[in-house]
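Chemist: Pasting target30.cif below, which is mmCIF, C-alpha atoms, pLDDT in the B column; chains and numbers go by the auth columns.
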data_query
loop_
_atom_site.group_PDB
_atom_site.id
_atom_site.type_symbol
_atom_site.label_atom_id
_atom_site.label_comp_id
_atom_site.label_asym_id
_atom_site.label_seq_id
_atom_site.Cartn_x
_atom_site.Cartn_y
_atom_site.Cartn_z
_atom_site.B_iso_or_equiv
_atom_site.auth_seq_id
_atom_site.auth_asym_id
ATOM 1 C CA MET A 1 -2.888 -1.111 24.719 54.00 1 A
ATOM 2 C CA ASN A 2 -1.585 -3.338 21.911 68.00 2 A
ATOM 3 C CA ASN A 3 1.798 -1.552 21.596 83.00 3 A
ATOM 4 C CA THR A 4 0.964 -0.342 18.093 92.00 4 A
ATOM 5 C CA GLU A 5 1.683 3.366 17.656 95.00 5 A
ATOM 6 C CA ILE A 6 0.048 5.507 14.983 97.00 6 A
ATOM 7 C CA LEU A 7 1.273 8.931 13.878 97.00 7 A
ATOM 8 C CA VAL A 8 -1.529 11.271 12.789 97.00 8 A
ATOM 9 C CA ILE A 9 -0.480 14.186 10.539 97.00 9 A
ATOM 10 C CA ASP A 10 -3.503 16.456 10.079 97.00 10 A
ATOM 11 C CA ASP A 11 -4.031 20.189 10.546 95.00 11 A
ATOM 12 C CA GLU A 12 -7.718 19.938 11.558 95.00 12 A
ATOM 13 C CA ILE A 13 -7.915 19.911 15.333 94.00 13 A
ATOM 14 C CA GLN A 14 -11.346 18.236 15.301 94.00 14 A
ATOM 15 C CA ILE A 15 -10.055 15.390 13.118 94.00 15 A
ATOM 16 C CA ARG A 16 -6.963 14.942 15.274 95.00 16 A
ATOM 17 C CA LYS A 17 -9.131 14.766 18.401 95.00 17 A
ATOM 18 C CA LEU A 18 -11.576 12.326 16.804 95.00 18 A
ATOM 19 C CA LEU A 19 -8.736 10.094 15.640 96.00 19 A
ATOM 20 C CA GLU A 20 -7.044 10.260 19.030 96.00 20 A
ATOM 21 C CA ILE A 21 -10.221 9.181 20.847 96.00 21 A
ATOM 22 C CA THR A 22 -11.057 6.476 18.290 95.00 22 A
ATOM 23 C CA LEU A 23 -7.567 5.015 18.113 96.00 23 A
ATOM 24 C CA GLN A 24 -6.859 5.106 21.836 96.00 24 A
ATOM 25 C CA SER A 25 -10.215 3.497 22.644 95.00 25 A
ATOM 26 C CA ASN A 26 -9.183 0.645 20.349 95.00 26 A
ATOM 27 C CA GLY A 27 -5.825 0.134 22.019 94.00 27 A
ATOM 28 C CA TYR A 28 -3.531 2.136 19.751 96.00 28 A
ATOM 29 C CA GLY A 29 -0.942 4.635 20.923 95.00 29 A
ATOM 30 C CA VAL A 30 -1.212 8.021 19.181 96.00 30 A
ATOM 31 C CA VAL A 31 1.335 10.681 18.198 96.00 31 A
ATOM 32 C CA LYS A 32 -0.033 13.873 16.618 96.00 32 A
ATOM 33 C CA ALA A 33 1.350 16.547 14.279 96.00 33 A
ATOM 34 C CA ASN A 34 -0.507 19.410 12.601 95.00 34 A
ATOM 35 C CA THR A 35 1.981 20.443 9.882 96.00 35 A
ATOM 36 C CA ALA A 36 4.180 18.719 7.325 96.00 36 A
ATOM 37 C CA LYS A 37 7.312 19.884 9.134 96.00 37 A
ATOM 38 C CA GLU A 38 6.105 18.533 12.482 96.00 38 A
ATOM 39 C CA GLY A 39 4.933 15.312 10.889 96.00 39 A
ATOM 40 C CA LEU A 40 8.210 14.556 9.115 95.00 40 A
ATOM 41 C CA ALA A 41 10.133 15.313 12.297 95.00 41 A
ATOM 42 C CA ALA A 42 7.829 13.098 14.361 94.00 42 A
ATOM 43 C CA ALA A 43 8.112 10.245 11.853 94.00 43 A
ATOM 44 C CA ALA A 44 11.898 10.462 12.030 91.00 44 A
ATOM 45 C CA VAL A 45 12.123 10.124 15.825 89.00 45 A
ATOM 46 C CA SER A 46 9.025 8.129 16.772 83.00 46 A
ATOM 47 C CA THR A 47 8.478 4.369 16.704 86.00 47 A
ATOM 48 C CA SER A 48 5.228 4.656 14.759 92.00 48 A
ATOM 49 C CA ASP A 49 3.958 1.499 13.087 92.00 49 A
ATOM 50 C CA LEU A 50 1.634 3.401 10.749 95.00 50 A
ATOM 51 C CA ILE A 51 1.057 6.990 9.592 97.00 51 A
ATOM 52 C CA ILE A 52 -2.317 8.570 8.856 97.00 52 A
ATOM 53 C CA LEU A 53 -1.592 11.512 6.546 97.00 53 A
ATOM 54 C CA ASP A 54 -3.812 14.375 5.391 96.00 54 A
ATOM 55 C CA LEU A 55 -3.043 15.767 1.934 94.00 55 A
ATOM 56 C CA GLY A 56 -4.221 19.309 2.720 92.00 56 A
ATOM 57 C CA LEU A 57 -1.498 20.448 5.091 95.00 57 A
ATOM 58 C CA PRO A 58 -0.893 24.193 5.593 94.00 58 A
ATOM 59 C CA ASP A 59 2.860 24.277 4.929 95.00 59 A
ATOM 60 C CA GLU A 60 3.407 21.649 2.219 95.00 60 A
ATOM 61 C CA ASN A 61 1.464 19.527 -0.258 94.00 61 A
ATOM 62 C CA GLY A 62 0.648 16.155 1.247 93.00 62 A
ATOM 63 C CA GLN A 63 1.737 14.332 -1.910 94.00 63 A
ATOM 64 C CA LEU A 64 5.237 15.793 -1.487 95.00 64 A
ATOM 65 C CA VAL A 65 5.239 14.794 2.185 96.00 65 A
ATOM 66 C CA LEU A 66 4.306 11.265 1.138 94.00 66 A
ATOM 67 C CA LYS A 67 7.176 11.160 -1.363 92.00 67 A
ATOM 68 C CA LYS A 68 9.610 12.362 1.305 92.00 68 A
ATOM 69 C CA LEU A 69 8.366 9.749 3.748 93.00 69 A
ATOM 70 C CA ARG A 70 8.773 6.991 1.197 88.00 70 A
ATOM 71 C CA GLU A 71 12.453 7.829 0.795 84.00 71 A
ATOM 72 C CA TRP A 72 13.020 6.025 4.102 84.00 72 A
ATOM 73 C CA TYR A 73 9.759 5.153 5.897 89.00 73 A
ATOM 74 C CA VAL A 74 8.805 1.580 4.947 81.00 74 A
ATOM 75 C CA LYS A 75 5.824 1.061 7.246 87.00 75 A
ATOM 76 C CA PRO A 76 2.200 1.638 6.149 89.00 76 A
ATOM 77 C CA VAL A 77 0.782 5.063 5.270 93.00 77 A
ATOM 78 C CA ILE A 78 -2.966 5.683 4.999 94.00 78 A
ATOM 79 C CA ILE A 79 -4.150 8.880 3.333 94.00 79 A
ATOM 80 C CA LEU A 80 -7.123 10.623 4.933 93.00 80 A
ATOM 81 C CA SER A 81 -8.307 13.491 2.733 92.00 81 A
ATOM 82 C CA VAL A 82 -11.281 15.484 1.481 92.00 82 A
ATOM 83 C CA LYS A 83 -9.827 15.197 -2.031 88.00 83 A
ATOM 84 C CA ASN A 84 -11.871 12.552 -3.772 85.00 84 A
ATOM 85 C CA ASN A 85 -10.984 12.850 -7.451 84.00 85 A
ATOM 86 C CA GLU A 86 -9.384 9.957 -9.251 80.00 86 A
ATOM 87 C CA ASP A 87 -6.104 11.737 -10.041 82.00 87 A
ATOM 88 C CA ASP A 88 -5.408 12.541 -6.378 87.00 88 A
ATOM 89 C CA ILE A 89 -6.181 8.999 -5.282 86.00 89 A
ATOM 90 C CA VAL A 90 -4.084 7.337 -7.993 80.00 90 A
ATOM 91 C CA SER A 91 -1.197 9.772 -7.399 83.00 91 A
ATOM 92 C CA ALA A 92 -1.204 9.050 -3.667 87.00 92 A
ATOM 93 C CA LEU A 93 -1.188 5.295 -4.249 82.00 93 A
ATOM 94 C CA ASP A 94 1.593 5.618 -6.822 78.00 94 A
ATOM 95 C CA ASN A 95 3.547 7.841 -4.437 83.00 95 A
ATOM 96 C CA GLY A 96 3.548 5.122 -1.806 82.00 96 A
ATOM 97 C CA ALA A 97 0.280 5.216 0.137 86.00 97 A
ATOM 98 C CA ASN A 98 -1.028 1.838 1.255 82.00 98 A
ATOM 99 C CA ASP A 99 -4.630 3.013 1.354 85.00 99 A
ATOM 100 C CA TYR A 100 -6.782 6.110 0.769 89.00 100 A
ATOM 101 C CA LEU A 101 -9.850 7.106 2.772 90.00 101 A
ATOM 102 C CA ILE A 102 -12.027 10.106 1.970 90.00 102 A
ATOM 103 C CA LYS A 103 -13.322 12.531 4.599 91.00 103 A
ATOM 104 C CA PRO A 104 -15.851 12.396 6.127 89.00 104 A
ATOM 105 C CA PHE A 105 -15.098 8.805 7.016 89.00 105 A
ATOM 106 C CA ARG A 106 -16.703 6.056 9.071 91.00 106 A
ATOM 107 C CA THR A 107 -14.562 5.125 12.058 92.00 107 A
ATOM 108 C CA ALA A 108 -15.359 1.428 11.663 91.00 108 A
ATOM 109 C CA GLU A 109 -14.067 1.499 8.095 89.00 109 A
ATOM 110 C CA LEU A 110 -10.919 3.363 9.127 93.00 110 A
ATOM 111 C CA LEU A 111 -10.213 0.801 11.836 93.00 111 A
ATOM 112 C CA ALA A 112 -10.734 -2.015 9.340 88.00 112 A
ATOM 113 C CA ARG A 113 -8.308 -0.393 6.897 87.00 113 A
ATOM 114 C CA ILE A 114 -5.754 0.031 9.695 91.00 114 A
ATOM 115 C CA ARG A 115 -6.022 -3.617 10.687 87.00 115 A
ATOM 116 C CA SER A 116 -5.637 -4.678 7.055 78.00 116 A
ATOM 117 C CA VAL A 117 -2.483 -2.690 6.293 82.00 117 A
ATOM 118 C CA LEU A 118 -0.906 -3.598 9.624 84.00 118 A
ATOM 119 C CA ARG A 119 -1.620 -7.265 8.991 74.00 119 A
ATOM 120 C CA ASN A 120 0.009 -7.120 5.558 66.00 120 A
ATOM 121 C CA SER A 121 2.945 -5.152 6.977 68.00 121 A
ATOM 122 C CA THR A 122 3.518 -7.795 9.644 61.00 122 A
ATOM 123 C CA VAL A 123 3.695 -10.508 7.001 55.00 123 A
ATOM 124 C CA SER A 124 6.322 -8.493 5.133 53.00 124 A
ATOM 125 C CA GLN A 125 8.389 -7.988 8.271 56.00 125 A
ATOM 126 C CA ASP A 126 8.253 -11.675 9.237 58.00 126 A
ATOM 127 C CA VAL A 127 9.559 -12.724 5.799 66.00 127 A
ATOM 128 C CA PRO A 128 12.167 -10.154 4.725 77.00 128 A
ATOM 129 C CA ALA A 129 12.677 -11.520 1.203 83.00 129 A
ATOM 130 C CA ILE A 130 11.499 -14.247 -1.164 87.00 130 A
ATOM 131 C CA LYS A 131 13.579 -15.501 -4.080 89.00 131 A
ATOM 132 C CA TYR A 132 12.173 -17.067 -7.246 90.00 132 A
ATOM 133 C CA GLU A 133 13.858 -18.331 -10.398 89.00 133 A
ATOM 134 C CA ASP A 134 13.655 -15.019 -12.243 88.00 134 A
ATOM 135 C CA PHE A 135 13.431 -12.399 -9.499 91.00 135 A
ATOM 136 C CA GLU A 136 13.674 -11.672 -5.787 91.00 136 A
ATOM 137 C CA ILE A 137 11.274 -9.477 -3.828 90.00 137 A
ATOM 138 C CA ASN A 138 12.724 -7.799 -0.739 86.00 138 A
ATOM 139 C CA PHE A 139 10.000 -6.646 1.652 82.00 139 A
ATOM 140 C CA SER A 140 12.443 -4.849 3.936 76.00 140 A
ATOM 141 C CA THR A 141 13.655 -2.492 1.214 79.00 141 A
ATOM 142 C CA ARG A 142 10.495 -2.651 -0.949 82.00 142 A
ATOM 143 C CA SER A 143 12.652 -3.605 -3.931 86.00 143 A
ATOM 144 C CA ILE A 144 12.735 -6.143 -6.753 91.00 144 A
ATOM 145 C CA ILE A 145 16.026 -7.750 -7.815 91.00 145 A
ATOM 146 C CA MET A 146 16.454 -9.332 -11.249 89.00 146 A
ATOM 147 C CA ASN A 147 19.792 -10.654 -12.556 82.00 147 A
ATOM 148 C CA ASN A 148 21.454 -9.337 -9.364 83.00 148 A
ATOM 149 C CA ALA A 149 20.369 -5.767 -10.089 86.00 149 A
ATOM 150 C CA PRO A 150 17.424 -3.711 -8.757 87.00 150 A
ATOM 151 C CA VAL A 151 14.588 -3.089 -11.195 88.00 151 A
ATOM 152 C CA LYS A 152 12.420 0.015 -10.925 87.00 152 A
ATOM 153 C CA PHE A 153 8.800 -0.667 -10.009 89.00 153 A
ATOM 154 C CA THR A 154 6.173 1.981 -9.302 85.00 154 A
ATOM 155 C CA THR A 155 4.571 1.792 -5.864 82.00 155 A
ATOM 156 C CA THR A 156 1.360 0.382 -7.328 85.00 156 A
ATOM 157 C CA GLN A 157 3.240 -2.241 -9.339 90.00 157 A
ATOM 158 C CA TYR A 158 5.138 -3.247 -6.201 90.00 158 A
ATOM 159 C CA GLU A 159 1.966 -3.434 -4.082 88.00 159 A
ATOM 160 C CA LEU A 160 0.225 -5.546 -6.721 93.00 160 A
ATOM 161 C CA LEU A 161 3.130 -7.968 -7.001 93.00 161 A
ATOM 162 C CA THR A 162 3.342 -8.158 -3.199 90.00 162 A
ATOM 163 C CA LEU A 163 -0.370 -8.992 -3.011 90.00 163 A
ATOM 164 C CA PHE A 164 0.125 -11.843 -5.491 92.00 164 A
ATOM 165 C CA VAL A 165 3.200 -13.151 -3.683 89.00 165 A
ATOM 166 C CA LYS A 166 1.483 -13.133 -0.278 84.00 166 A
ATOM 167 C CA ASN A 167 -1.400 -15.127 -1.756 82.00 167 A
ATOM 168 C CA GLU A 168 0.660 -17.611 -3.784 82.00 168 A
ATOM 169 C CA GLY A 169 -1.506 -20.377 -5.202 80.00 169 A
ATOM 170 C CA LYS A 170 -4.810 -18.661 -4.413 82.00 170 A
ATOM 171 C CA VAL A 171 -7.220 -17.407 -7.044 83.00 171 A
ATOM 172 C CA LEU A 172 -7.772 -13.700 -6.385 85.00 172 A
ATOM 173 C CA THR A 173 -10.878 -12.208 -7.965 86.00 173 A
ATOM 174 C CA HIS A 174 -10.744 -8.981 -9.947 88.00 174 A
ATOM 175 C CA GLN A 175 -12.913 -7.277 -7.327 86.00 175 A
ATOM 176 C CA TYR A 176 -10.719 -8.416 -4.435 85.00 176 A
ATOM 177 C CA ILE A 177 -7.502 -7.208 -6.086 90.00 177 A
ATOM 178 C CA LEU A 178 -9.009 -3.867 -7.096 89.00 178 A
ATOM 179 C CA GLY A 179 -10.379 -3.348 -3.603 84.00 179 A
ATOM 180 C CA GLU A 180 -7.056 -4.195 -1.937 84.00 180 A
ATOM 181 C CA ILE A 181 -4.880 -2.061 -4.222 85.00 181 A
ATOM 182 C CA TRP A 182 -7.119 0.813 -5.295 82.00 182 A
ATOM 183 C CA GLY A 183 -9.929 0.752 -2.742 79.00 183 A
ATOM 184 C CA ALA A 184 -13.630 -0.085 -2.690 76.00 184 A
ATOM 185 C CA ASP A 185 -14.524 2.700 -5.126 77.00 185 A
ATOM 186 C CA TYR A 186 -12.534 0.937 -7.868 79.00 186 A
ATOM 187 C CA ILE A 187 -13.849 -2.625 -7.740 80.00 187 A
ATOM 188 C CA ALA A 188 -15.561 -2.189 -11.111 82.00 188 A
ATOM 189 C CA GLN A 189 -12.521 -0.647 -12.834 82.00 189 A
ATOM 190 C CA SER A 190 -11.143 -3.865 -14.285 84.00 190 A
ATOM 191 C CA GLN A 191 -9.204 -1.977 -16.954 83.00 191 A
ATOM 192 C CA TYR A 192 -6.886 -0.661 -14.203 82.00 192 A
ATOM 193 C CA LEU A 193 -6.080 -4.219 -13.274 90.00 193 A
ATOM 194 C CA ARG A 194 -5.492 -5.452 -16.819 90.00 194 A
ATOM 195 C CA VAL A 195 -3.044 -2.617 -17.456 90.00 195 A
ATOM 196 C CA PHE A 196 -1.025 -3.226 -14.295 92.00 196 A
ATOM 197 C CA VAL A 197 -0.982 -7.009 -14.702 95.00 197 A
ATOM 198 C CA ALA A 198 0.349 -6.526 -18.238 94.00 198 A
ATOM 199 C CA GLN A 199 3.044 -4.212 -16.859 92.00 199 A
ATOM 200 C CA LEU A 200 4.050 -6.761 -14.223 94.00 200 A
ATOM 201 C CA ARG A 201 4.221 -9.568 -16.754 95.00 201 A
ATOM 202 C CA LYS A 202 6.546 -7.525 -18.964 93.00 202 A
ATOM 203 C CA LYS A 203 8.882 -7.104 -15.997 92.00 203 A
ATOM 204 C CA ILE A 204 8.937 -10.562 -14.388 93.00 204 A
ATOM 205 C CA GLU A 205 7.892 -13.033 -17.071 92.00 205 A
ATOM 206 C CA LYS A 206 10.338 -14.521 -19.582 91.00 206 A
ATOM 207 C CA ASN A 207 7.520 -14.454 -22.127 94.00 207 A
ATOM 208 C CA PRO A 208 4.721 -12.031 -21.117 93.00 208 A
ATOM 209 C CA ASN A 209 2.455 -13.575 -23.745 94.00 209 A
ATOM 210 C CA LYS A 210 2.834 -16.995 -22.084 94.00 210 A
ATOM 211 C CA PRO A 211 3.021 -16.116 -18.389 94.00 211 A
ATOM 212 C CA THR A 212 4.161 -18.695 -15.861 93.00 212 A
ATOM 213 C CA TYR A 213 3.925 -16.558 -12.706 95.00 213 A
ATOM 214 C CA ILE A 214 0.696 -14.555 -13.026 96.00 214 A
ATOM 215 C CA ILE A 215 -1.928 -16.889 -14.443 94.00 215 A
ATOM 216 C CA THR A 216 -5.275 -15.645 -15.737 93.00 216 A
ATOM 217 C CA GLU A 217 -8.297 -17.446 -14.339 88.00 217 A
ATOM 218 C CA SER A 218 -10.775 -16.659 -17.091 85.00 218 A
ATOM 219 C CA GLY A 219 -13.727 -14.595 -15.948 82.00 219 A
ATOM 220 C CA VAL A 220 -12.609 -14.735 -12.320 85.00 220 A
ATOM 221 C CA GLY A 221 -9.240 -13.140 -11.677 88.00 221 A
ATOM 222 C CA TYR A 222 -5.576 -14.122 -11.370 92.00 222 A
ATOM 223 C CA ARG A 223 -3.442 -16.683 -9.586 89.00 223 A
ATOM 224 C CA PHE A 224 0.250 -16.344 -8.730 92.00 224 A
ATOM 225 C CA VAL A 225 2.158 -19.595 -9.180 88.00 225 A
ATOM 226 C CA ALA A 226 5.833 -19.859 -8.265 83.00 226 A
ATOM 227 C CA LYS A 227 8.349 -22.024 -6.449 75.00 227 A
ATOM 228 C CA GLU A 228 10.660 -20.383 -3.959 70.00 228 A
ATOM 229 C CA ILE A 229 14.400 -20.971 -4.170 72.00 229 A
ATOM 230 C CA GLU A 230 16.025 -21.877 -0.892 59.00 230 A
#
Would you write the structure of this file as structure tokens?
Modeler:
Amino acid sequence: MNNTEILVIDDEIQIRKLLEITLQSNGYGVVKANTAKEGLAAAAVSTSDLIILDLGLPDENGQLVLKKLREWYVKPVIILSVKNNEDDIVSALDNGANDYLIKPFRTAELLARIRSVLRNSTVSQDVPAIKYEDFEINFSTRSIIMNNAPVKFTTTQYELLTLFVKNEGKVLTHQYILGEIWGADYIAQSQYLRVFVAQLRKKIEKNPNKPTYIITESGVGYRFVAKEIE
């Protein structure tokens, strides 16, 4: 047992059993709920480090459950759903999901996704906040502060900025960023990335047309360059 607890919210008994066996055999503790009501209650009282959430719950839409969770739950949430259309996936990511996996799924891939989001979450917890000249990112509250006031960022904008910050100085390829933020199915959708990078630059750069934080590496990707303020 590695002391990591995962809350599974899914109404399919076969999926819950499969996840329980898979997760426990890999050292994770498991808490289970089969409705939105049970899941929200379990999340409120448990010490779960991650939630696996189905969107097709019998008593409430999973997207609404995700929104409710994100009002206070700051740890990772992975969506596990049969819904595979682009709108559902993008909505879930914008509503606060860290990752999205489509049923039926490969257990090895699920475990890899779990390790990835937990690893990123641990980095955020170890460093509660980072301050730069023009803004501060607070990992504990998932917020961005500019001129001593919070600035509204969508979940996807926040996740993208966090990815850049955690990899300061490194060149991140388009494919890597798309895979980390939107998933493997989106690694060819470079337009997504251009749009969100432009949005970020408008929010954090003094001159978005001459960025100093998010630098374009032509034909390759982007590099985040910044100096922390003590």
Chemist: Can you spell out as a list in words the set of residues that the PyMOL selection byres ((chain A and resi 218-222) around 9) selects in the structure I just provided?
Modeler: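 In the shown coordinates, the PyMOL selection byres ((chain A and resi 218-222) around 9) covers Phe164, Lys170, Val171, Leu172, Thr173, His174, Gln175, Tyr176, Ile177, Ile214, Ile215, Thr216, Glu217, Arg223 and Phe224 of chain A.
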Chemist: Expand the PyMOL selection byres ((chain A and resi 13-28) around 12) into the explicit residue set it covers here, and present it as a VMD selection string.
Modeler: chain A and resid 1 to 12 29 to 35 48 to 54 80 to 82 103 to 112 114 to 115 118
Chemist: Once the PyMOL selection byres ((chain A and resi 198-203) around 10) is applied to the coordinates I shared, what remains selected? I want it as a ChimeraX atom specification.
Modeler: /A:134-135,146,151-153,157-158,160-161,193-197,204-215
Chemist: With C-alpha atoms retained, could you export that selection as a PDB file, in the frame of the given file?
Modeler:
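As written to disk, again.pdb reads:
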ATOM      1  CA  ASP A 134      13.655 -15.019 -12.243  1.00 88.00           C
ATOM      2  CA  PHE A 135      13.431 -12.399  -9.499  1.00 91.00           C
ATOM      3  CA  MET A 146      16.454  -9.332 -11.249  1.00 89.00           C
ATOM      4  CA  VAL A 151      14.588  -3.089 -11.195  1.00 88.00           C
ATOM      5  CA  LYS A 152      12.420   0.015 -10.925  1.00 87.00           C
ATOM      6  CA  PHE A 153       8.800  -0.667 -10.009  1.00 89.00           C
ATOM      7  CA  GLN A 157       3.240  -2.241  -9.339  1.00 90.00           C
ATOM      8  CA  TYR A 158       5.138  -3.247  -6.201  1.00 90.00           C
ATOM      9  CA  LEU A 160       0.225  -5.546  -6.721  1.00 93.00           C
ATOM     10  CA  LEU A 161       3.130  -7.968  -7.001  1.00 93.00           C
ATOM     11  CA  LEU A 193      -6.080  -4.219 -13.274  1.00 90.00           C
ATOM     12  CA  ARG A 194      -5.492  -5.452 -16.819  1.00 90.00           C
ATOM     13  CA  VAL A 195      -3.044  -2.617 -17.456  1.00 90.00           C
ATOM     14  CA  PHE A 196      -1.025  -3.226 -14.295  1.00 92.00           C
ATOM     15  CA  VAL A 197      -0.982  -7.009 -14.702  1.00 95.00           C
ATOM     16  CA  ILE A 204       8.937 -10.562 -14.388  1.00 93.00           C
ATOM     17  CA  GLU A 205       7.892 -13.033 -17.071  1.00 92.00           C
ATOM     18  CA  LYS A 206      10.338 -14.521 -19.582  1.00 91.00           C
ATOM     19  CA  ASN A 207       7.520 -14.454 -22.127  1.00 94.00           C
ATOM     20  CA  PRO A 208       4.721 -12.031 -21.117  1.00 93.00           C
ATOM     21  CA  ASN A 209       2.455 -13.575 -23.745  1.00 94.00           C
ATOM     22  CA  LYS A 210       2.834 -16.995 -22.084  1.00 94.00           C
ATOM     23  CA  PRO A 211       3.021 -16.116 -18.389  1.00 94.00           C
ATOM     24  CA  THR A 212       4.161 -18.695 -15.861  1.00 93.00           C
ATOM     25  CA  TYR A 213       3.925 -16.558 -12.706  1.00 95.00           C
ATOM     26  CA  ILE A 214       0.696 -14.555 -13.026  1.00 96.00           C
ATOM     27  CA  ILE A 215      -1.928 -16.889 -14.443  1.00 94.00           C
TER      28      ILE A 215
END
Chemist: With only C-alpha atoms counted, which protein, DNA or RNA residues have an atom no more than 10 Å from (0.7, -3.6, -4.2) in the file frame? Please answer as number ranges by chain.
Modeler: A: 93-94, 96-98, 154-165, 177, 180-182
Chemist: Of the candidates A:Lys67, A:Ala43, A:Val225, A:Ile102, which one gets nearest to Asn167 (chain A) if we count all atoms listed in the file?
Modeler: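 With all atoms listed in the file as the atom set, the closest residue is A:Val225.
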Chemist: Figure out the distance between CA of Lys166 (chain A) and CA of Arg70 (chain A), please, to one decimal in Å.
Modeler: 21.5 Å
Chemist: Please determine, counting only C-alpha atoms, which residue among A:Ile229, A:Lys37, A:Asp87, A:Gly183 has the shortest atom-to-atom distance to Ile137 (chain A).
Modeler: A:Ile229
Chemist: How many Å lie between CA of Leu40 (chain A) and CA of Glu86 (chain A), rounded to one decimal?
Modeler: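 CA of Glu86 (chain A) lies at a distance of 25.8 Å from CA of Leu40 (chain A).
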Chemist: Figure out the distance between CA of Ala184 (chain A) and CA of Leu69 (chain A), please, to one decimal in Å.
Modeler: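 Spanning CA of Leu69 (chain A) to CA of Ala184 (chain A) is a straight-line distance of 24.9 Å.
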